[in-house]
Amino acid sequence: MEYYEAKFGAAMVRGMIPQMKATAMEHGIEMNYGGYVGNTFDSHRLIWKAREEGGSELQDKVVEQIFQAYFTENKSLGERTVLEECASKAGLAQSSIDFLSDSNNNSDGTREVRDEMQDYGRAFQCTGVPMFIVDGKHTLSGAQESDSFLRLFGKL
């Protein structure tokens with residue numbers, strides 16, 4: 001909780017976390033918020049790799065496993081073994097998982113993820129996740145109620 005309180009303020013977190021837990025529970029997802037929040041860059045590289053290897057379907061499976069590991073199982077996304085487990089459970093081939101051991105500036109996904117971060121950061125003032133971009137120009141930042149999406153879709 002310390003990370004969230006430092007980022008958003010204690011008062012906001014007191015309202016935000018219960019709301020997010022309740023919303024998740026409505027969809028059968030248990031969120032605990034007890035995991036270590038560290039550097040998630042490699043998780044973004046893994047998500048990029050999944051899209052490259054298997055398109056949106058495999059990418060979605062990897063994201064589901066990452067969310068399960070972090071929000072439900074309280075695992076650290078900064079640990080390579082956690083990411084490798086997520087990738088394996090999602091069905092990413094072992095040969096495609098091995099790239100995680102190389103984190104230099106030339107390794108798979110490093111340049112691409114950094115470029116995406118810069119591009120989206122500039123274009124949409126994106127500084128955190130989740131951020132939803134609808135029709136390439138409308139944004140919703142942070143966890144949102146379904147009514148927020150419905151209002152946005154109604155304007156399109």
# chains A, B, ... in the order shown; residues from 1 in each chain; ligands from 1
$ closest_atom_pairs --of "stretch 44-122 of chain A" --to "stretch 16-33 of chain A" --cutoff "7 Å" --atoms "only C-alpha atoms" --output "JSON lines"
{"residue": "A:Phe71", "atom": "CA", "partner": "A:Met31", "partner_atom": "CA", "distance": 4.9}
{"residue": "A:Thr72", "atom": "CA", "partner": "A:Met31", "partner_atom": "CA", "distance": 5.0}
{"residue": "A:Asn74", "atom": "CA", "partner": "A:Tyr33", "partner_atom": "CA", "distance": 6.8}
$ residues_around --residues "A:Ala93" --least-positions-apart "5" --cutoff "10 Å" --atoms "only C-alpha atoms" --output "ChimeraX atom specification"
/A:50,53,87-88,98
$ residues_around --residues "A:Val129" --least-positions-apart "4" --cutoff "10 Å" --atoms "only C-alpha atoms" --output "list in words"
Ser141, Gly142 and Ala143 of chain A
$ write_last_selection --atoms "C-alpha atoms" --output "PDB file, in the first residue's frame"
ATOM      1  CA  SER A 141      -7.076   6.787 -17.364  1.00  0.00           C
ATOM      2  CA  GLY A 142      -7.100   4.530 -14.346  1.00  0.00           C
ATOM      3  CA  ALA A 143      -9.653   1.971 -13.269  1.00  0.00           C
TER       4      ALA A 143
END
$ closest_residue --among "A:Val63, A:Ala69, A:Met12, A:Leu83" --to "A:Asp42" --atoms "only C-alpha atoms"
A:Leu83
$ closest_residue --among "A:Lys155, A:Cys86, A:Gly109, A:Phe41" --to "A:Asp135" --atoms "only C-alpha atoms"
A:Lys155
$ select_by_dssp --residues "stretch 35-146 of chain A" --states "alpha helix (DSSP H)" --output "PyMOL selection string"
chain A and resi 41-67+80-90+94-97+110-124+146
$ residues_around --residues "A:Glu2" --least-positions-apart "4" --cutoff "12 Å" --atoms "only C-alpha atoms" --output "PyMOL selection string"
chain A and resi 6-10+13-14+33-37
$ write_last_selection --atoms "N, CA and C atoms" --output "mmCIF file, in the first residue's frame"
data_model
loop_
_atom_site.group_PDB
_atom_site.id
_atom_site.type_symbol
_atom_site.label_atom_id
_atom_site.label_comp_id
_atom_site.auth_asym_id
_atom_site.auth_seq_id
_atom_site.Cartn_x
_atom_site.Cartn_y
_atom_site.Cartn_z
ATOM 1 N N ALA A 6 1.992 6.685 -1.783
ATOM 2 C CA ALA A 6 2.974 7.671 -2.230
ATOM 3 C C ALA A 6 2.598 8.237 -3.592
ATOM 4 N N LYS A 7 2.043 7.404 -4.440
ATOM 5 C CA LYS A 7 1.691 7.833 -5.795
ATOM 6 C C LYS A 7 0.387 8.632 -5.841
ATOM 7 N N PHE A 8 -0.637 8.166 -5.101
ATOM 8 C CA PHE A 8 -1.964 8.763 -5.211
ATOM 9 C C PHE A 8 -2.416 9.542 -3.988
ATOM 10 N N GLY A 9 -1.759 9.336 -2.858
ATOM 11 C CA GLY A 9 -2.186 9.948 -1.615
ATOM 12 C C GLY A 9 -3.044 8.980 -0.815
ATOM 13 N N ALA A 10 -2.862 9.001 0.513
ATOM 14 C CA ALA A 10 -3.539 8.043 1.391
ATOM 15 C C ALA A 10 -5.062 8.145 1.293
ATOM 16 N N VAL A 13 -6.343 6.482 -1.887
ATOM 17 C CA VAL A 13 -6.175 5.029 -1.827
ATOM 18 C C VAL A 13 -7.254 4.399 -0.957
ATOM 19 N N ARG A 14 -7.623 5.056 0.147
ATOM 20 C CA ARG A 14 -8.667 4.518 1.029
ATOM 21 C C ARG A 14 -9.983 4.337 0.283
ATOM 22 N N TYR A 33 -3.710 -6.924 -3.441
ATOM 23 C CA TYR A 33 -2.808 -5.767 -3.302
ATOM 24 C C TYR A 33 -1.717 -5.976 -2.264
ATOM 25 N N GLY A 34 -1.205 -7.184 -2.157
ATOM 26 C CA GLY A 34 -0.131 -7.437 -1.210
ATOM 27 C C GLY A 34 1.194 -7.709 -1.883
ATOM 28 N N GLY A 35 1.216 -7.693 -3.205
ATOM 29 C CA GLY A 35 2.440 -7.994 -3.945
ATOM 30 C C GLY A 35 3.410 -6.830 -3.967
ATOM 31 N N TYR A 36 4.645 -7.161 -4.217
ATOM 32 C CA TYR A 36 5.691 -6.145 -4.328
ATOM 33 C C TYR A 36 5.545 -5.416 -5.654
ATOM 34 N N VAL A 37 5.512 -4.098 -5.602
ATOM 35 C CA VAL A 37 5.447 -3.292 -6.818
ATOM 36 C C VAL A 37 6.873 -2.851 -7.127
#
$ residues_around --residues "A:Leu77" --least-positions-apart "2" --cutoff "8 Å" --atoms "only C-alpha atoms" --output "NGL selection string"
:A and (36-40 or 43 or 66 or 69-70 or 75 or 79-80 or 82-83)
$ residues_around --residues "A:Gly136" --least-positions-apart "4" --cutoff "12 Å" --atoms "only C-alpha atoms" --output "PDB file with all heavy atoms, in the first residue's frame"
ATOM      1  N   TYR A 120       3.186   7.048 -26.588  1.00  0.00           N
ATOM      2  CA  TYR A 120       1.917   7.210 -25.879  1.00  0.00           C
ATOM      3  C   TYR A 120       2.025   8.284 -24.797  1.00  0.00           C
ATOM      4  O   TYR A 120       1.069   9.015 -24.544  1.00  0.00           O
ATOM      5  CB  TYR A 120       1.435   5.884 -25.281  1.00  0.00           C
ATOM      6  CG  TYR A 120       0.832   4.984 -26.333  1.00  0.00           C
ATOM      7  CD1 TYR A 120       1.615   4.055 -27.003  1.00  0.00           C
ATOM      8  CD2 TYR A 120      -0.507   5.080 -26.672  1.00  0.00           C
ATOM      9  CE1 TYR A 120       1.067   3.232 -27.984  1.00  0.00           C
ATOM     10  CE2 TYR A 120      -1.060   4.270 -27.640  1.00  0.00           C
ATOM     11  CZ  TYR A 120      -0.263   3.347 -28.296  1.00  0.00           C
ATOM     12  OH  TYR A 120      -0.809   2.549 -29.256  1.00  0.00           O
ATOM     13  N   ALA A 123       1.759  11.606 -26.832  1.00  0.00           N
ATOM     14  CA  ALA A 123       0.477  11.803 -27.510  1.00  0.00           C
ATOM     15  C   ALA A 123      -0.700  11.919 -26.549  1.00  0.00           C
ATOM     16  O   ALA A 123      -1.635  12.674 -26.811  1.00  0.00           O
ATOM     17  CB  ALA A 123       0.233  10.673 -28.507  1.00  0.00           C
ATOM     18  N   PHE A 124      -0.651  11.167 -25.443  1.00  0.00           N
ATOM     19  CA  PHE A 124      -1.821  11.098 -24.569  1.00  0.00           C
ATOM     20  C   PHE A 124      -1.528  11.476 -23.124  1.00  0.00           C
ATOM     21  O   PHE A 124      -2.363  11.259 -22.253  1.00  0.00           O
ATOM     22  CB  PHE A 124      -2.414   9.681 -24.610  1.00  0.00           C
ATOM     23  CG  PHE A 124      -2.834   9.260 -25.984  1.00  0.00           C
ATOM     24  CD1 PHE A 124      -2.053   8.378 -26.724  1.00  0.00           C
ATOM     25  CD2 PHE A 124      -3.991   9.758 -26.555  1.00  0.00           C
ATOM     26  CE1 PHE A 124      -2.437   7.988 -27.991  1.00  0.00           C
ATOM     27  CE2 PHE A 124      -4.383   9.374 -27.818  1.00  0.00           C
ATOM     28  CZ  PHE A 124      -3.598   8.485 -28.551  1.00  0.00           C
ATOM     29  N   PHE A 132      -6.845   3.634 -21.315  1.00  0.00           N
ATOM     30  CA  PHE A 132      -7.625   3.146 -22.443  1.00  0.00           C
ATOM     31  C   PHE A 132      -7.692   4.244 -23.484  1.00  0.00           C
ATOM     32  O   PHE A 132      -8.030   5.385 -23.173  1.00  0.00           O
ATOM     33  CB  PHE A 132      -9.036   2.768 -21.985  1.00  0.00           C
ATOM     34  CG  PHE A 132      -9.038   1.759 -20.876  1.00  0.00           C
ATOM     35  CD1 PHE A 132      -9.088   2.165 -19.552  1.00  0.00           C
ATOM     36  CD2 PHE A 132      -8.952   0.406 -21.158  1.00  0.00           C
ATOM     37  CE1 PHE A 132      -9.079   1.238 -18.520  1.00  0.00           C
ATOM     38  CE2 PHE A 132      -8.934  -0.531 -20.134  1.00  0.00           C
ATOM     39  CZ  PHE A 132      -8.999  -0.111 -18.812  1.00  0.00           C
ATOM     40  N   LEU A 140      -9.284   7.244 -21.349  1.00  0.00           N
ATOM     41  CA  LEU A 140      -9.772   7.038 -19.991  1.00  0.00           C
ATOM     42  C   LEU A 140      -8.576   6.516 -19.216  1.00  0.00           C
ATOM     43  O   LEU A 140      -7.959   5.532 -19.620  1.00  0.00           O
ATOM     44  CB  LEU A 140     -10.914   6.031 -19.947  1.00  0.00           C
ATOM     45  CG  LEU A 140     -12.243   6.471 -20.543  1.00  0.00           C
ATOM     46  CD1 LEU A 140     -13.206   5.300 -20.630  1.00  0.00           C
ATOM     47  CD2 LEU A 140     -12.847   7.581 -19.709  1.00  0.00           C
ATOM     48  N   LEU A 156     -19.315   8.950 -29.357  1.00  0.00           N
ATOM     49  CA  LEU A 156     -18.652   8.648 -30.644  1.00  0.00           C
ATOM     50  C   LEU A 156     -19.605   8.534 -31.797  1.00  0.00           C
ATOM     51  O   LEU A 156     -20.675   8.146 -31.769  1.00  0.00           O
ATOM     52  CB  LEU A 156     -17.827   7.367 -30.514  1.00  0.00           C
ATOM     53  CG  LEU A 156     -16.734   7.408 -29.462  1.00  0.00           C
ATOM     54  CD1 LEU A 156     -16.026   6.060 -29.390  1.00  0.00           C
ATOM     55  CD2 LEU A 156     -15.719   8.482 -29.769  1.00  0.00           C
TER      56      LEU A 156
END
$ select_by_dssp --residues "chain A" --states "strand (DSSP E or B)" --output "number ranges by chain"
A: 131-134, 138-141
$ write_last_selection --atoms "N, CA, C and O atoms" --output "mmCIF file, in the first residue's frame"
data_model
loop_
_atom_site.group_PDB
_atom_site.id
_atom_site.type_symbol
_atom_site.label_atom_id
_atom_site.label_comp_id
_atom_site.auth_asym_id
_atom_site.auth_seq_id
_atom_site.Cartn_x
_atom_site.Cartn_y
_atom_site.Cartn_z
ATOM 1 N N MET A 131 -4.539 2.613 -19.033
ATOM 2 C CA MET A 131 -4.971 3.749 -19.835
ATOM 3 C C MET A 131 -5.649 3.182 -21.067
ATOM 4 O O MET A 131 -5.086 2.329 -21.749
ATOM 5 N N PHE A 132 -6.845 3.634 -21.315
ATOM 6 C CA PHE A 132 -7.625 3.146 -22.443
ATOM 7 C C PHE A 132 -7.692 4.244 -23.484
ATOM 8 O O PHE A 132 -8.030 5.385 -23.173
ATOM 9 N N ILE A 133 -7.379 3.903 -24.721
ATOM 10 C CA ILE A 133 -7.424 4.849 -25.828
ATOM 11 C C ILE A 133 -8.471 4.326 -26.799
ATOM 12 O O ILE A 133 -8.341 3.226 -27.333
ATOM 13 N N VAL A 134 -9.513 5.103 -26.999
ATOM 14 C CA VAL A 134 -10.632 4.701 -27.823
ATOM 15 C C VAL A 134 -10.627 5.524 -29.098
ATOM 16 O O VAL A 134 -10.543 6.762 -29.052
ATOM 17 N N HIS A 138 -9.544 9.348 -27.844
ATOM 18 C CA HIS A 138 -10.237 9.551 -26.567
ATOM 19 C C HIS A 138 -9.595 8.662 -25.509
ATOM 20 O O HIS A 138 -9.376 7.484 -25.745
ATOM 21 N N THR A 139 -9.329 9.224 -24.332
ATOM 22 C CA THR A 139 -8.647 8.455 -23.293
ATOM 23 C C THR A 139 -9.465 8.363 -22.013
ATOM 24 O O THR A 139 -10.217 9.269 -21.673
ATOM 25 N N LEU A 140 -9.284 7.244 -21.349
ATOM 26 C CA LEU A 140 -9.772 7.038 -19.991
ATOM 27 C C LEU A 140 -8.576 6.516 -19.216
ATOM 28 O O LEU A 140 -7.959 5.532 -19.620
ATOM 29 N N SER A 141 -8.251 7.171 -18.132
ATOM 30 C CA SER A 141 -7.076 6.787 -17.364
ATOM 31 C C SER A 141 -7.489 6.218 -16.023
ATOM 32 O O SER A 141 -8.407 6.724 -15.376
#
$ decode --residues "stretch 88-107 of chain A" --atoms "N, CA and C atoms" --output "compact mmCIF listing (two decimals), in the first residue's frame"
# COMPACT_ATOMS: atom_id res chain seq x y z
N SER A 88 4.63 -19.32 -19.52
CA SER A 88 4.44 -20.75 -19.73
C SER A 88 2.97 -21.13 -19.56
N LYS A 89 2.33 -20.65 -18.49
CA LYS A 89 0.92 -20.95 -18.25
C LYS A 89 0.03 -20.43 -19.39
N ALA A 90 0.44 -19.32 -20.00
CA ALA A 90 -0.35 -18.72 -21.08
C ALA A 90 -0.15 -19.46 -22.40
N GLY A 91 0.89 -20.30 -22.46
CA GLY A 91 1.12 -21.07 -23.68
C GLY A 91 2.22 -20.55 -24.58
N LEU A 92 3.02 -19.62 -24.09
CA LEU A 92 4.15 -19.12 -24.88
C LEU A 92 5.24 -20.18 -24.88
N ALA A 93 5.79 -20.47 -26.05
CA ALA A 93 6.81 -21.50 -26.19
C ALA A 93 8.06 -21.14 -25.37
N GLN A 94 8.72 -22.15 -24.81
CA GLN A 94 9.91 -21.93 -23.99
C GLN A 94 10.97 -21.13 -24.76
N SER A 95 11.12 -21.41 -26.04
CA SER A 95 12.11 -20.68 -26.84
C SER A 95 11.78 -19.19 -26.92
N SER A 96 10.51 -18.86 -26.78
CA SER A 96 10.10 -17.46 -26.79
C SER A 96 10.20 -16.81 -25.42
N ILE A 97 10.30 -17.63 -24.38
CA ILE A 97 10.41 -17.11 -23.01
C ILE A 97 11.86 -16.77 -22.68
N ASP A 98 12.79 -17.49 -23.28
CA ASP A 98 14.21 -17.33 -22.96
C ASP A 98 14.73 -15.92 -23.18
N PHE A 99 14.07 -15.13 -24.02
CA PHE A 99 14.53 -13.77 -24.30
C PHE A 99 14.57 -12.91 -23.04
N LEU A 100 13.78 -13.28 -22.03
CA LEU A 100 13.73 -12.48 -20.80
C LEU A 100 15.08 -12.42 -20.08
N SER A 101 15.91 -13.43 -20.29
CA SER A 101 17.20 -13.45 -19.60
C SER A 101 18.17 -12.42 -20.15
N ASP A 102 17.86 -11.86 -21.32
CA ASP A 102 18.71 -10.83 -21.93
C ASP A 102 17.99 -9.50 -21.82
N SER A 103 18.43 -8.66 -20.91
CA SER A 103 17.73 -7.39 -20.70
C SER A 103 18.57 -6.19 -21.14
N ASN A 104 19.52 -6.42 -22.04
CA ASN A 104 20.29 -5.26 -22.52
C ASN A 104 19.45 -4.46 -23.51
N ASN A 105 19.98 -3.35 -23.94
CA ASN A 105 19.21 -2.44 -24.79
C ASN A 105 18.87 -2.98 -26.16
N ASN A 106 19.49 -4.08 -26.56
CA ASN A 106 19.22 -4.64 -27.89
C ASN A 106 18.34 -5.88 -27.85
N SER A 107 17.89 -6.28 -26.67
CA SER A 107 17.12 -7.51 -26.57
C SER A 107 15.68 -7.30 -27.04
